[in-house]
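Engineer: Handing you a structure now.
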Amino acid sequence: MSGTLFVVATPIGNLADFSERARRILVSCDRILAEDTRETQTLRVRYGIATPVESYHKFSEKEKVARYIGMLREGKSLALVSDAGTPAVSDPGKLLVAAALEQGIRVSPVPGPSAAISAFSVSGMKSDHFIFVGFLPAKGAARDKAITESFASGLPVVFYEAPTRINDLLPRLAVCCERIVVCRELTKEFEEVFVYRGGTVREQGEFTIVAEPIRRAVPTVPPPDAERDRILAALSVKDALSVLRRLYPDIASNDLKRWLYRVRKEGRKE
């Protein structure tokens, strides 16, 4: 019978946030797979965890997946942890989790701290929903494109950012966002949560940003245009809708369709 792969969340700064269930799992499993064994050692010492630890990070995960799957199939239980927070969320672990699921091996989450959830809970955003992006590309056109695409849904977005790039990111967000909440060093001694209002911030610590895009009015009907309407009237409904979708990509297809039927009906009455 196969063992279990436990995906164990660890504190993002305050060691007291470690759950009793998580401690029991790490104590009782056969092996701990850690993003950074030095970070995990601090947790092991604090909670008296003697279970052997192996390094498992983004540079080694591909080559180690087969070995760990073999251990799980032999009946051993493994606990996957990252430096801080929940593994496989902007952290290593996805490949092993996916491989275990494909093999029919039990994968069990041990929930706990998450910087994204913690930041959103103190952001005061109006929406109950948000988009999680994590880390953006470091620079260039790819960075700008990723920021633009992140706000396509109109929902608030949660970003992670390194201290060396935080003062590059915030002004870029200010251009397209109506509200930005900066969370620095969450759960740690020098924790800060504040609304960004311009300028630079201290480039120190771990940053989680919650940004709400500027809400722009979305039209529901095309603007008046007698010549355009005359041309559309001569086309089939299918062709007319095709033209309208190209002319007005920001208007929902159903709105365009309703508007077109109304215009064609009114045109026949004249």
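Letters A, B, ... mark the chains of the structure tokens in the order given; residue numbers begin at 1 per chain; ligand numbers begin at 1, in order shown.
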Among the residues of stretch 28-254 of chain A, find those DSSP assigns to strand (DSSP E or B) from the backbone and print them as a ChimeraX atom specification.
Structural biologist: /A:31-34,53-55,78-81,85,106-110,131-135,157-161,177-184,192-195,207-213
Engineer: Keeping only C-alpha atoms, write those residues as a PDB file, in the first residue's frame.
Structural biologist:
```
ATOM      1  CA  ARG A  31      11.263  11.936   5.551  1.00  0.00           C
ATOM      2  CA  ILE A  32      10.910  15.720   5.322  1.00  0.00           C
ATOM      3  CA  LEU A  33      11.542  17.274   1.902  1.00  0.00           C
ATOM      4  CA  ALA A  34      12.612  20.865   2.482  1.00  0.00           C
ATOM      5  CA  VAL A  53      15.469  16.048   6.198  1.00  0.00           C
ATOM      6  CA  GLU A  54      16.458  16.174   2.540  1.00  0.00           C
ATOM      7  CA  SER A  55      16.871  19.183   0.270  1.00  0.00           C
ATOM      8  CA  LEU A  78       6.879  12.097   3.035  1.00  0.00           C
ATOM      9  CA  ALA A  79       6.253  15.663   4.194  1.00  0.00           C
ATOM     10  CA  LEU A  80       6.887  18.476   1.744  1.00  0.00           C
ATOM     11  CA  VAL A  81       7.707  21.891   3.238  1.00  0.00           C
ATOM     12  CA  GLY A  85       4.049  29.328   3.857  1.00  0.00           C
ATOM     13  CA  ARG A 106      -2.546   9.848  -1.573  1.00  0.00           C
ATOM     14  CA  VAL A 107      -1.715  13.565  -1.334  1.00  0.00           C
ATOM     15  CA  SER A 108      -2.901  15.331   1.815  1.00  0.00           C
ATOM     16  CA  PRO A 109      -2.748  19.073   2.590  1.00  0.00           C
ATOM     17  CA  VAL A 110      -1.819  20.227   6.072  1.00  0.00           C
ATOM     18  CA  ILE A 131      -6.372  36.853  -8.472  1.00  0.00           C
ATOM     19  CA  PHE A 132      -3.126  35.393  -7.132  1.00  0.00           C
ATOM     20  CA  VAL A 133      -0.098  36.079  -9.341  1.00  0.00           C
ATOM     21  CA  GLY A 134       2.869  35.607  -7.018  1.00  0.00           C
ATOM     22  CA  PHE A 135       6.196  36.770  -8.426  1.00  0.00           C
ATOM     23  CA  VAL A 157      -4.494  41.011  -7.512  1.00  0.00           C
ATOM     24  CA  VAL A 158      -2.010  39.641  -4.975  1.00  0.00           C
ATOM     25  CA  PHE A 159       1.679  39.894  -5.880  1.00  0.00           C
ATOM     26  CA  TYR A 160       4.860  38.764  -4.153  1.00  0.00           C
ATOM     27  CA  GLU A 161       7.890  40.982  -4.685  1.00  0.00           C
ATOM     28  CA  CYS A 177      -4.725  50.851  -9.719  1.00  0.00           C
ATOM     29  CA  GLU A 178      -7.051  52.835  -7.502  1.00  0.00           C
ATOM     30  CA  ARG A 179      -5.915  51.167  -4.274  1.00  0.00           C
ATOM     31  CA  ILE A 180      -2.672  49.434  -3.322  1.00  0.00           C
ATOM     32  CA  VAL A 181      -2.022  47.827   0.059  1.00  0.00           C
ATOM     33  CA  VAL A 182       1.576  46.979   0.945  1.00  0.00           C
ATOM     34  CA  CYS A 183       2.309  44.198   3.449  1.00  0.00           C
ATOM     35  CA  ARG A 184       5.906  43.988   4.621  1.00  0.00           C
ATOM     36  CA  GLU A 192       3.886  46.803   8.336  1.00  0.00           C
ATOM     37  CA  VAL A 193       0.544  47.011   6.512  1.00  0.00           C
ATOM     38  CA  PHE A 194      -0.262  50.299   4.797  1.00  0.00           C
ATOM     39  CA  VAL A 195      -1.948  51.930   1.804  1.00  0.00           C
ATOM     40  CA  PHE A 207       6.655  42.035   0.451  1.00  0.00           C
ATOM     41  CA  THR A 208       3.122  40.982  -0.431  1.00  0.00           C
ATOM     42  CA  ILE A 209       1.076  43.505  -2.419  1.00  0.00           C
ATOM     43  CA  VAL A 210      -2.700  43.614  -2.883  1.00  0.00           C
ATOM     44  CA  ALA A 211      -3.709  45.938  -5.730  1.00  0.00           C
ATOM     45  CA  GLU A 212      -7.183  46.834  -6.985  1.00  0.00           C
ATOM     46  CA  PRO A 213      -7.397  48.049 -10.607  1.00  0.00           C
TER      47      PRO A 213
END
```
Engineer: Leaving out A:Ile147 and any residue of its chain fewer than 4 positions from it, which residues lie within 10 Å of it when counting only C-alpha atoms, given as a list of chain:residue names?
Structural biologist: A:Val133, A:Leu136, A:Pro137, A:Ala141, A:Ala142, A:Arg143, A:Phe151, A:Ala152, A:Val157, A:Phe159, A:Leu169, A:Arg172, A:Leu173, A:Cys176
Engineer: Residues near A:Pro113, anyone? I mean within 12 Å using only C-alpha atoms, not counting same-chain ones fewer than 2 positions away, as a PyMOL selection string.
Structural biologist: chain A and resi 8-19+22+81-87+89+110-111+115-119+186-187
Engineer: Okay, now the selection with N, CA and C atoms, as a PDB file, in the first residue's frame?
Structural biologist:
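To be explicit, this is the file written out as result23.pdb:
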```pdb
ATOM      1  N   VAL A   8       2.788  20.365   3.703  1.00  0.00           N
ATOM      2  CA  VAL A   8       2.686  20.976   5.025  1.00  0.00           C
ATOM      3  C   VAL A   8       3.043  22.463   4.993  1.00  0.00           C
ATOM      4  N   ALA A   9       2.111  23.301   5.401  1.00  0.00           N
ATOM      5  CA  ALA A   9       2.367  24.744   5.490  1.00  0.00           C
ATOM      6  C   ALA A   9       3.178  25.039   6.746  1.00  0.00           C
ATOM      7  N   THR A  10       4.136  25.943   6.617  1.00  0.00           N
ATOM      8  CA  THR A  10       4.979  26.336   7.752  1.00  0.00           C
ATOM      9  C   THR A  10       4.874  27.842   7.970  1.00  0.00           C
ATOM     10  N   PRO A  11       5.284  28.345   9.127  1.00  0.00           N
ATOM     11  CA  PRO A  11       5.136  29.774   9.428  1.00  0.00           C
ATOM     12  C   PRO A  11       5.826  30.670   8.400  1.00  0.00           C
ATOM     13  N   ILE A  12       5.211  31.836   8.141  1.00  0.00           N
ATOM     14  CA  ILE A  12       5.808  32.802   7.217  1.00  0.00           C
ATOM     15  C   ILE A  12       6.661  33.826   7.956  1.00  0.00           C
ATOM     16  N   GLY A  13       6.807  33.647   9.248  1.00  0.00           N
ATOM     17  CA  GLY A  13       7.641  34.575  10.015  1.00  0.00           C
ATOM     18  C   GLY A  13       7.597  34.306  11.497  1.00  0.00           C
ATOM     19  N   ASN A  14       6.411  34.032  12.013  1.00  0.00           N
ATOM     20  CA  ASN A  14       6.230  33.805  13.435  1.00  0.00           C
ATOM     21  C   ASN A  14       6.134  32.302  13.697  1.00  0.00           C
ATOM     22  N   LEU A  15       7.134  31.729  14.361  1.00  0.00           N
ATOM     23  CA  LEU A  15       7.167  30.288  14.581  1.00  0.00           C
ATOM     24  C   LEU A  15       5.984  29.788  15.406  1.00  0.00           C
ATOM     25  N   ALA A  16       5.368  30.675  16.172  1.00  0.00           N
ATOM     26  CA  ALA A  16       4.225  30.269  16.990  1.00  0.00           C
ATOM     27  C   ALA A  16       3.004  29.936  16.149  1.00  0.00           C
ATOM     28  N   ASP A  17       3.022  30.275  14.855  1.00  0.00           N
ATOM     29  CA  ASP A  17       1.893  29.978  13.971  1.00  0.00           C
ATOM     30  C   ASP A  17       1.894  28.529  13.484  1.00  0.00           C
ATOM     31  N   PHE A  18       2.896  27.751  13.845  1.00  0.00           N
ATOM     32  CA  PHE A  18       2.972  26.352  13.425  1.00  0.00           C
ATOM     33  C   PHE A  18       1.915  25.554  14.169  1.00  0.00           C
ATOM     34  N   SER A  19       1.123  24.760  13.424  1.00  0.00           N
ATOM     35  CA  SER A  19       0.011  24.042  14.048  1.00  0.00           C
ATOM     36  C   SER A  19       0.480  22.743  14.701  1.00  0.00           C
ATOM     37  N   ALA A  22       0.484  19.932  12.149  1.00  0.00           N
ATOM     38  CA  ALA A  22       1.668  19.972  11.293  1.00  0.00           C
ATOM     39  C   ALA A  22       2.877  19.391  12.023  1.00  0.00           C
ATOM     40  N   VAL A  81       7.795  20.556   2.635  1.00  0.00           N
ATOM     41  CA  VAL A  81       7.707  21.891   3.238  1.00  0.00           C
ATOM     42  C   VAL A  81       8.534  22.876   2.411  1.00  0.00           C
ATOM     43  N   SER A  82       8.161  24.147   2.477  1.00  0.00           N
ATOM     44  CA  SER A  82       8.944  25.195   1.827  1.00  0.00           C
ATOM     45  C   SER A  82       9.588  26.057   2.914  1.00  0.00           C
ATOM     46  N   ASP A  83      10.319  27.078   2.499  1.00  0.00           N
ATOM     47  CA  ASP A  83      10.957  27.962   3.485  1.00  0.00           C
ATOM     48  C   ASP A  83       9.926  28.590   4.406  1.00  0.00           C
ATOM     49  N   ALA A  84       8.802  28.986   3.821  1.00  0.00           N
ATOM     50  CA  ALA A  84       7.752  29.656   4.583  1.00  0.00           C
ATOM     51  C   ALA A  84       6.446  29.575   3.811  1.00  0.00           C
ATOM     52  N   GLY A  85       5.346  29.367   4.520  1.00  0.00           N
ATOM     53  CA  GLY A  85       4.049  29.328   3.857  1.00  0.00           C
ATOM     54  C   GLY A  85       3.722  27.953   3.305  1.00  0.00           C
ATOM     55  N   THR A  86       2.891  27.937   2.274  1.00  0.00           N
ATOM     56  CA  THR A  86       2.367  26.694   1.721  1.00  0.00           C
ATOM     57  C   THR A  86       3.169  26.243   0.508  1.00  0.00           C
ATOM     58  N   PRO A  87       3.702  25.024   0.520  1.00  0.00           N
ATOM     59  CA  PRO A  87       4.474  24.518  -0.620  1.00  0.00           C
ATOM     60  C   PRO A  87       3.649  24.498  -1.904  1.00  0.00           C
ATOM     61  N   VAL A  89       2.925  26.749  -3.907  1.00  0.00           N
ATOM     62  CA  VAL A  89       2.269  28.012  -4.233  1.00  0.00           C
ATOM     63  C   VAL A  89       3.381  29.061  -4.322  1.00  0.00           C
ATOM     64  N   VAL A 110      -1.808  19.866   4.659  1.00  0.00           N
ATOM     65  CA  VAL A 110      -1.819  20.227   6.072  1.00  0.00           C
ATOM     66  C   VAL A 110      -1.804  21.753   6.095  1.00  0.00           C
ATOM     67  N   PRO A 111      -2.986  22.377   6.106  1.00  0.00           N
ATOM     68  CA  PRO A 111      -3.078  23.826   5.885  1.00  0.00           C
ATOM     69  C   PRO A 111      -2.478  24.641   7.022  1.00  0.00           C
ATOM     70  N   ALA A 115       1.030  33.737   2.864  1.00  0.00           N
ATOM     71  CA  ALA A 115       1.201  35.188   2.759  1.00  0.00           C
ATOM     72  C   ALA A 115       0.085  35.816   1.932  1.00  0.00           C
ATOM     73  N   ALA A 116      -0.344  35.128   0.860  1.00  0.00           N
ATOM     74  CA  ALA A 116      -1.383  35.676  -0.013  1.00  0.00           C
ATOM     75  C   ALA A 116      -2.706  35.843   0.735  1.00  0.00           C
ATOM     76  N   ILE A 117      -3.146  34.802   1.438  1.00  0.00           N
ATOM     77  CA  ILE A 117      -4.403  34.860   2.178  1.00  0.00           C
ATOM     78  C   ILE A 117      -4.301  35.869   3.322  1.00  0.00           C
ATOM     79  N   SER A 118      -3.178  35.856   4.022  1.00  0.00           N
ATOM     80  CA  SER A 118      -2.996  36.787   5.137  1.00  0.00           C
ATOM     81  C   SER A 118      -3.055  38.233   4.664  1.00  0.00           C
ATOM     82  N   ALA A 119      -2.382  38.519   3.543  1.00  0.00           N
ATOM     83  CA  ALA A 119      -2.369  39.887   3.018  1.00  0.00           C
ATOM     84  C   ALA A 119      -3.760  40.323   2.573  1.00  0.00           C
ATOM     85  N   LEU A 186       5.114  40.260   7.028  1.00  0.00           N
ATOM     86  CA  LEU A 186       3.902  39.767   7.690  1.00  0.00           C
ATOM     87  C   LEU A 186       4.235  38.786   8.818  1.00  0.00           C
ATOM     88  N   THR A 187       3.608  38.958   9.943  1.00  0.00           N
ATOM     89  CA  THR A 187       3.697  38.147  11.167  1.00  0.00           C
ATOM     90  C   THR A 187       5.026  38.303  11.896  1.00  0.00           C
TER      91      THR A 187
END
```
Engineer: As a ChimeraX atom specification, please: all residues of stretch 81-241 of chain A that backbone DSSP puts in alpha helix (DSSP H).
Structural biologist: /A:94-102,115-121,140-150,166-176,226-233,237-241
Engineer: Could you tell me how far atom CA of A:Leu95 lies from atom CA of A:Phe120, in Å and to one decimal?
Structural biologist: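 Interatomic distance, atom CA of A:Leu95 to atom CA of A:Phe120: 27.0 Å.
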Engineer: So the first atom is atom CA of A:Leu247 and the second is atom CA of A:Arg215; what is the distance between them in Å, to one decimal place?
Structural biologist: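 Atom CA of A:Leu247 sits 21.8 Å away from atom CA of A:Arg215.
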Engineer: Excluding same-chain residues fewer than 5 positions from A:Gly70, what lies within 12 Å of it counting only C-alpha atoms, as a list in words?
Structural biologist: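 These residues fall inside the cut-off: Ser2, Gly3, Thr4, Leu5, Lys64, Val65, Gly75, Lys76, Ser77, Leu78, Leu96, Ala99, Ala100, Gln103 and Ile105 of chain A.
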Engineer: Can I get the selection written as an mmCIF file, in the first residue's frame, with N, CA and C atoms?
Structural biologist:
```
data_model
loop_
_atom_site.group_PDB
_atom_site.id
_atom_site.type_symbol
_atom_site.label_atom_id
_atom_site.label_comp_id
_atom_site.auth_asym_id
_atom_site.auth_seq_id
_atom_site.Cartn_x
_atom_site.Cartn_y
_atom_site.Cartn_z
ATOM 1 N N SER A 2 0.555 2.224 -0.832
ATOM 2 C CA SER A 2 1.372 3.426 -0.943
ATOM 3 C C SER A 2 1.296 4.257 0.329
ATOM 4 N N GLY A 3 2.346 5.056 0.521
ATOM 5 C CA GLY A 3 2.354 5.991 1.632
ATOM 6 C C GLY A 3 1.611 7.258 1.246
ATOM 7 N N THR A 4 1.829 8.306 2.017
ATOM 8 C CA THR A 4 1.136 9.576 1.799
ATOM 9 C C THR A 4 2.147 10.698 1.622
ATOM 10 N N LEU A 5 1.864 11.566 0.661
ATOM 11 C CA LEU A 5 2.644 12.790 0.508
ATOM 12 C C LEU A 5 1.873 13.903 1.214
ATOM 13 N N LYS A 64 14.701 14.495 -8.685
ATOM 14 C CA LYS A 64 14.392 13.752 -7.468
ATOM 15 C C LYS A 64 12.981 13.177 -7.443
ATOM 16 N N VAL A 65 12.128 13.619 -8.354
ATOM 17 C CA VAL A 65 10.733 13.180 -8.321
ATOM 18 C C VAL A 65 10.607 11.663 -8.387
ATOM 19 N N GLY A 75 5.444 2.612 0.468
ATOM 20 C CA GLY A 75 4.683 2.752 1.703
ATOM 21 C C GLY A 75 5.195 3.807 2.657
ATOM 22 N N LYS A 76 6.263 4.495 2.269
ATOM 23 C CA LYS A 76 6.795 5.544 3.127
ATOM 24 C C LYS A 76 5.947 6.820 2.997
ATOM 25 N N SER A 77 5.895 7.585 4.063
ATOM 26 C CA SER A 77 5.183 8.860 4.050
ATOM 27 C C SER A 77 6.190 9.996 4.057
ATOM 28 N N LEU A 78 5.971 10.966 3.185
ATOM 29 C CA LEU A 78 6.879 12.097 3.035
ATOM 30 C C LEU A 78 6.131 13.391 3.325
ATOM 31 N N LEU A 96 6.246 17.131 -7.906
ATOM 32 C CA LEU A 96 6.074 15.947 -7.064
ATOM 33 C C LEU A 96 4.603 15.694 -6.772
ATOM 34 N N ALA A 99 2.970 14.295 -9.921
ATOM 35 C CA ALA A 99 3.396 12.917 -10.178
ATOM 36 C C ALA A 99 2.723 11.943 -9.213
ATOM 37 N N ALA A 100 2.605 12.340 -7.955
ATOM 38 C CA ALA A 100 1.962 11.470 -6.966
ATOM 39 C C ALA A 100 0.483 11.258 -7.311
ATOM 40 N N GLN A 103 0.015 8.851 -10.099
ATOM 41 C CA GLN A 103 0.296 7.469 -9.706
ATOM 42 C C GLN A 103 -0.752 6.919 -8.746
ATOM 43 N N ILE A 105 -1.279 7.982 -5.752
ATOM 44 C CA ILE A 105 -0.760 8.067 -4.384
ATOM 45 C C ILE A 105 -1.522 9.139 -3.619
#
```
Engineer: What does the structure give for the distance between atom CA of A:Asn254 and atom CA of A:Ala240, in Å to one decimal?
Structural biologist: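 Value for the atom CA of A:Asn254-atom CA of A:Ala240 distance: 13.3 Å.
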